[in-house]
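Novice: Encoded as structure tokens, here's the structure I'll be asking about.
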Number of protein chains: 2
Amino acid sequence: MQSKPNQQWRLAKRPVGLITESDFEWHEEAIPDLMQNQVLVRIIYLSLDPAMRGWLMDRKSYIPPVAIGEVMRSITIGEVAESRHADFKPGDIVQGLLGWQSWAVTDGSAVTRLPKAAIPDLKAFPGVLSMVGPTAYFGLLDVGTPKKGETLVVSAAAGAVGSIAGQIGKIKGCRVVGIAGSEEKRRWITETLGFDAAINYKTEAVGEQLRVHCPKGIDIYFDNVGGTILDQVLARINVYGRIVVCGLISQYNATEPVPGPYNFSTILTQRVRVQGFVFPDYLDRVHEAVKDLKKWLAQGKIQYRVHVVEGLEKAPQAVNMLFDGSNQGKLIIQVSEEPSL
Amino acid sequence: MQSKPNQQWRLAKRPVGLITESDFEWHEEAIPDLMQNQVLVRIIYLSLDPAMRGWLMDRKSYIPPVAIGEVMRSITIGEVAESRHADFKPGDIVQGLLGWQSWAVTDGSAVTRLPKAAIPDLKAFPGVLSMVGPTAYFGLLDVGTPKKGETLVVSAAAGAVGSIAGQIGKIKGCRVVGIAGSEEKRRWITETLGFDAAINYKTEAVGEQLRVHCPKGIDIYFDNVGGTILDQVLARINVYGRIVVCGLISQYNATEPVPGPYNFSTILTQRVRVQGFVFPDYLDRVHEAVKDLKKWLAQGKIQYRVHVVEGLEKAPQAVNMLFDGSNQGKLIIQVSEEPSL
């Protein structure tokens, strides 16, 4: 038994529009004793991802919605505090979908042990290796099928997934143009990450800038946002272009029906492939991505940055940073201290 | 020299909305003498296709727009009247993009000779073998990738391409549900063509009927129309569903921007592939389609019907039948008499 109680954010009601703190209930409860095959995990980091907004909607999707009364779902990194499972011992670093809470009592099968020798930086897991990097990897390579010399456009390009997708595009020999929402982000993706060009959609005419920066048209669009930017891209898409539908951030908080792209007919005239994908479909191949991503990290070909918000209590407010773009890099909540590894 | 002049419909101006006769100019001119490697073709049938509306728009597409002053483009079947080309002799039956005219003087390379022994019925070419059948064939098999037991929905299902796509779906073991615009068409595709079910979109609630007739959801949608029906299908699309974008008849005559599907987000949540294609991209593989289509025609597994409008002068009016759905089967103009083969 831990002396501190477990603190949790539980879903109280389904948000309408942007998430508010009142959509969740702050709950404290004693940590129960472990049963056989269970582990107690002290949660260190929670990953905040745009997809979470979808998990709160009561609709058919790739994953059931979070139920009312349930601890909010998120990917977490933690340290095993106690174990009654043969595969885990105190001090092990694990990841799993343990949610918005400070401690988790869970079946050992619900978490994966991260070998300490292979951990360069604990934040590399939420930042790249857990979900973000494999999402960018399979989305770009499997769905986008880039070829050397093609032009790749990435939206939310300074975001967690977009920044990795663009860097993988560079590794594969594409011309990469990013779309982001601030001058700081524009500089980061061109000067630090090596994108060929970047467009600030808040201050520039996206269509015009796409014409300038994509003189040979657009072959692949790695789309995290949907909406009007998708329309601007479709207006300049090349024959046999691919649209990788990774996210639709611009419409997750919509309270009215959102029309699809007005340039939909371009899908026919330019013979475009528009394809949606989600990370969980690639779970059995995630090792392929992790192997390459680790290599590229070690070679300095992929860089990432993590935006840390301290304190579990900040989670409901912090998640909206993903929708107003005020985060700089992969957004995570630090729930407790990192151990020294 | 022929004694009769050549009669032509030439494009006078770009239509706004539905095509009108005043968008074309009726032109008569003498038929010139043949030069070396040219043939004179007496045109028998013109194919009228929804895609023609797109050919009249001044925009980037898979084929340049018909120029102002140019003879309106169409697929034609005709008989060689005179030849100064080694590969053709008078009496040969040929097809090509000879356009809305009664005679055509053309380079031999612009037409293909149809071997008479292989012609069961001259109308089988516009009806199935020229463009319509291969379009359905490659669209369904290459883009739609049907598997036995899957549910296929086809719009404009009593139309030329849709009726063949649905029948190929049946041959491949799919449950096939057609959407058409009259009771007569609904009966024809179920009772004569063997579709499993049909929906009359003019008198029935399409979404509700899709739920009734597609109890296992929709795996493939062969879309000829776009618009609200596409939205209804997306609302019921299965995981890994495919949308074959063959046509967007509902919006070809639009004079205002048309929004894309409101259920666009389903492409992400259900990991749908939406893919446009056009017949000309498959020209080098058309023999594959023709081989199978001829076999299925001979076996009675594919049936077609042809709606003949007599007289070249009717072409501009008749083409709108494709948009109000008043044609029954493949729409063709008979320009002159069939020879006895």
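By convention in this document, the chains of the structure tokens carry letters A, B, ... by their order, each chain's residues are numbered from 1, and ligands are numbered from 1 in the order they are shown.
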Just list the residues in stretch 35-123 of chain B DSSP gives alpha helix (DSSP H) on the backbone, as a PyMOL selection string.

Specialist: chain B and resi 51-55

Novice: I want to know what sits within 12 Å of B:Ala160, based on only C-alpha atoms, with residues of the same chain fewer than 2 positions away left out; could you give that as a PDB file with C-alpha atoms, in the first residue's frame?

Specialist:
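Contents of the output file out38.pdb:
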```
ATOM      1  CA  SER B  47     -21.273   7.522 -77.540  1.00  0.00           C
ATOM      2  CA  LEU B  48     -22.720  10.086 -75.101  1.00  0.00           C
ATOM      3  CA  ASP B  49     -21.071   9.907 -71.674  1.00  0.00           C
ATOM      4  CA  PRO B  50     -21.293  11.950 -68.467  1.00  0.00           C
ATOM      5  CA  ALA B 124     -21.917  -3.976 -77.996  1.00  0.00           C
ATOM      6  CA  PHE B 125     -18.982  -1.642 -78.569  1.00  0.00           C
ATOM      7  CA  PRO B 126     -20.492   1.569 -77.218  1.00  0.00           C
ATOM      8  CA  GLY B 127     -22.624  -0.549 -74.868  1.00  0.00           C
ATOM      9  CA  VAL B 128     -19.835  -2.560 -73.269  1.00  0.00           C
ATOM     10  CA  LEU B 129     -16.588  -3.198 -75.072  1.00  0.00           C
ATOM     11  CA  SER B 130     -15.278   0.249 -76.072  1.00  0.00           C
ATOM     12  CA  MET B 131     -15.059   2.233 -72.861  1.00  0.00           C
ATOM     13  CA  VAL B 132     -17.991   1.428 -70.616  1.00  0.00           C
ATOM     14  CA  GLY B 133     -17.108  -2.159 -69.755  1.00  0.00           C
ATOM     15  CA  PRO B 134     -13.362  -1.593 -69.276  1.00  0.00           C
ATOM     16  CA  THR B 135     -14.151   1.428 -67.082  1.00  0.00           C
ATOM     17  CA  ALA B 136     -16.374  -0.704 -64.860  1.00  0.00           C
ATOM     18  CA  VAL B 154     -23.152   1.053 -56.954  1.00  0.00           C
ATOM     19  CA  SER B 155     -24.694   4.433 -57.762  1.00  0.00           C
ATOM     20  CA  ALA B 156     -26.172   5.267 -61.177  1.00  0.00           C
ATOM     21  CA  ALA B 157     -26.566   1.510 -61.105  1.00  0.00           C
ATOM     22  CA  ALA B 158     -28.794   1.292 -64.156  1.00  0.00           C
ATOM     23  CA  GLY B 162     -22.789   1.173 -63.105  1.00  0.00           C
ATOM     24  CA  SER B 163     -24.821  -1.700 -64.538  1.00  0.00           C
ATOM     25  CA  ILE B 164     -21.653  -3.472 -65.697  1.00  0.00           C
ATOM     26  CA  ALA B 165     -19.798  -2.756 -62.432  1.00  0.00           C
ATOM     27  CA  GLY B 166     -22.630  -4.340 -60.445  1.00  0.00           C
ATOM     28  CA  GLN B 167     -22.712  -7.412 -62.654  1.00  0.00           C
ATOM     29  CA  ALA B 180     -31.006   4.174 -59.362  1.00  0.00           C
ATOM     30  CA  LYS B 185     -34.500   0.866 -63.414  1.00  0.00           C
ATOM     31  CA  ILE B 189     -31.106  -4.195 -62.189  1.00  0.00           C
ATOM     32  CA  ASN B 224     -20.704   7.577 -60.270  1.00  0.00           C
ATOM     33  CA  ILE B 302     -23.302  -9.649 -68.399  1.00  0.00           C
ATOM     34  CA  GLN B 303     -26.223  -7.942 -70.036  1.00  0.00           C
ATOM     35  CA  TYR B 304     -26.538  -4.421 -71.327  1.00  0.00           C
ATOM     36  CA  ARG B 305     -29.054  -2.213 -72.979  1.00  0.00           C
ATOM     37  CA  VAL B 306     -28.568   0.666 -75.319  1.00  0.00           C
ATOM     38  CA  HIS B 307     -30.704   3.770 -75.568  1.00  0.00           C
ATOM     39  CA  LEU B 322     -27.492  11.489 -68.627  1.00  0.00           C
ATOM     40  CA  GLY B 325     -31.626  10.082 -65.762  1.00  0.00           C
ATOM     41  CA  ASN B 327     -32.039   7.420 -70.597  1.00  0.00           C
ATOM     42  CA  GLN B 328     -32.449   3.691 -70.138  1.00  0.00           C
ATOM     43  CA  GLY B 329     -29.079   2.117 -70.728  1.00  0.00           C
ATOM     44  CA  LYS B 330     -26.026   3.253 -72.603  1.00  0.00           C
ATOM     45  CA  LEU B 331     -26.924   6.452 -74.453  1.00  0.00           C
ATOM     46  CA  ILE B 332     -25.820   6.623 -78.088  1.00  0.00           C
TER      47      ILE B 332
END
```

Novice: With a cut-off of 10 Å and counting only C-alpha atoms, select all residues of chain B in contact with chain A and give the selection as a PDB file with C-alpha atoms, in the first residue's frame.

Specialist:
```
ATOM      1  CA  GLY B  54     -16.019  17.604 -67.820  1.00  0.00           C
ATOM      2  CA  ARG B  59      -9.560  23.239 -66.166  1.00  0.00           C
ATOM      3  CA  LYS B  60      -6.647  20.910 -65.567  1.00  0.00           C
ATOM      4  CA  SER B  61      -7.863  17.337 -65.967  1.00  0.00           C
ATOM      5  CA  TYR B  62      -6.870  13.974 -67.391  1.00  0.00           C
ATOM      6  CA  ILE B  63      -7.568  15.183 -70.936  1.00  0.00           C
ATOM      7  CA  VAL B 143      -9.414   0.160 -57.559  1.00  0.00           C
ATOM      8  CA  GLY B 226     -20.867  12.008 -55.584  1.00  0.00           C
ATOM      9  CA  ASP B 231     -22.323  10.966 -47.595  1.00  0.00           C
ATOM     10  CA  ALA B 235     -22.000   6.870 -42.780  1.00  0.00           C
ATOM     11  CA  VAL B 239     -13.303  -0.556 -41.771  1.00  0.00           C
ATOM     12  CA  TYR B 240     -10.880  -0.617 -44.737  1.00  0.00           C
ATOM     13  CA  GLY B 241     -13.733   0.299 -47.100  1.00  0.00           C
ATOM     14  CA  ARG B 242     -12.948   1.469 -50.610  1.00  0.00           C
ATOM     15  CA  ILE B 243     -14.650   4.301 -52.473  1.00  0.00           C
ATOM     16  CA  VAL B 244     -14.083   4.060 -56.218  1.00  0.00           C
ATOM     17  CA  VAL B 245     -14.502   7.585 -57.568  1.00  0.00           C
ATOM     18  CA  CYS B 246     -15.585   6.906 -61.149  1.00  0.00           C
ATOM     19  CA  GLY B 247     -17.869   9.895 -61.643  1.00  0.00           C
ATOM     20  CA  LEU B 248     -19.498  12.832 -59.888  1.00  0.00           C
ATOM     21  CA  GLN B 251     -22.087  18.037 -59.547  1.00  0.00           C
ATOM     22  CA  TYR B 252     -20.912  18.238 -63.185  1.00  0.00           C
ATOM     23  CA  PRO B 257     -18.730  25.440 -55.410  1.00  0.00           C
ATOM     24  CA  VAL B 258     -19.946  22.060 -54.154  1.00  0.00           C
ATOM     25  CA  PRO B 259     -18.887  20.916 -50.664  1.00  0.00           C
ATOM     26  CA  GLY B 260     -17.258  17.536 -50.302  1.00  0.00           C
ATOM     27  CA  PRO B 261     -18.811  14.864 -48.078  1.00  0.00           C
ATOM     28  CA  TYR B 262     -19.740  15.976 -44.567  1.00  0.00           C
ATOM     29  CA  ASN B 263     -18.756  12.507 -43.341  1.00  0.00           C
ATOM     30  CA  PHE B 264     -15.178  13.008 -44.546  1.00  0.00           C
ATOM     31  CA  SER B 265     -13.892  12.173 -41.045  1.00  0.00           C
ATOM     32  CA  THR B 266     -15.092   8.595 -41.563  1.00  0.00           C
ATOM     33  CA  ILE B 267     -12.209   8.207 -44.024  1.00  0.00           C
ATOM     34  CA  LEU B 268      -9.940   8.499 -40.992  1.00  0.00           C
ATOM     35  CA  THR B 269     -11.915   6.625 -38.353  1.00  0.00           C
ATOM     36  CA  GLN B 270     -12.756   3.686 -40.666  1.00  0.00           C
ATOM     37  CA  ARG B 271      -9.406   3.815 -42.557  1.00  0.00           C
ATOM     38  CA  VAL B 272     -11.136   4.187 -45.893  1.00  0.00           C
ATOM     39  CA  ARG B 273      -9.366   4.420 -49.236  1.00  0.00           C
ATOM     40  CA  VAL B 274     -10.991   6.920 -51.631  1.00  0.00           C
ATOM     41  CA  GLN B 275      -9.470   6.676 -55.061  1.00  0.00           C
ATOM     42  CA  GLY B 276     -10.188   8.342 -58.370  1.00  0.00           C
ATOM     43  CA  PHE B 277      -9.492   6.710 -61.681  1.00  0.00           C
ATOM     44  CA  VAL B 278     -10.172   7.335 -65.361  1.00  0.00           C
ATOM     45  CA  ASP B 281      -5.022   5.347 -67.716  1.00  0.00           C
TER      46      ASP B 281
END
```

Novice: Atom CA of B:Asp33 and atom CA of B:Leu11, how far apart in Å?

Specialist: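 Atom CA of B:Asp33 lies 24.4 Å from atom CA of B:Leu11.
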
Novice: Please determine, counting only C-alpha atoms, which residue among A:Ile220, A:Leu193, A:Val335, A:Ile199 has the shortest atom-to-atom distance to A:Glu150.

Specialist: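 With only C-alpha atoms as the atom set, the closest residue is A:Ile220.
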
Novice: Once DSSP has gone over the backbone, tell me which residues of stretch 248-287 of chain B are in strand (DSSP E), as a PyMOL selection string.

Specialist: chain B and resi 273-276

Novice: Find, counting only C-alpha atoms, the residue in A:Leu234, A:Ala197, A:Leu18, A:Met321 that gets nearest to A:Val309.

Specialist: A:Met321

Novice: So that I can check the surroundings of B:Trp103, please list as a PyMOL selection string every protein, DNA and RNA residue that reaches within 6 Å of it, counting only C-alpha atoms and ignoring chain neighbours fewer than 5 positions away.

Specialist: chain B and resi 6+41-43

Novice: Emit the selected residues as a PDB file, in the first residue's frame, including N, CA and C atoms.

Specialist:
```pdb
ATOM      1  N   ASN B   6     -20.133  17.199 -94.934  1.00  0.00           N
ATOM      2  CA  ASN B   6     -19.965  16.736 -93.554  1.00  0.00           C
ATOM      3  C   ASN B   6     -20.733  17.688 -92.636  1.00  0.00           C
ATOM      4  N   VAL B  41     -14.124   8.083 -92.708  1.00  0.00           N
ATOM      5  CA  VAL B  41     -15.013   7.220 -91.924  1.00  0.00           C
ATOM      6  C   VAL B  41     -16.431   7.791 -91.959  1.00  0.00           C
ATOM      7  N   ARG B  42     -17.383   6.930 -92.293  1.00  0.00           N
ATOM      8  CA  ARG B  42     -18.795   7.295 -92.149  1.00  0.00           C
ATOM      9  C   ARG B  42     -19.203   6.931 -90.724  1.00  0.00           C
ATOM     10  N   ILE B  43     -19.591   7.917 -89.954  1.00  0.00           N
ATOM     11  CA  ILE B  43     -19.867   7.658 -88.540  1.00  0.00           C
ATOM     12  C   ILE B  43     -21.259   7.067 -88.378  1.00  0.00           C
TER      13      ILE B  43
END
```
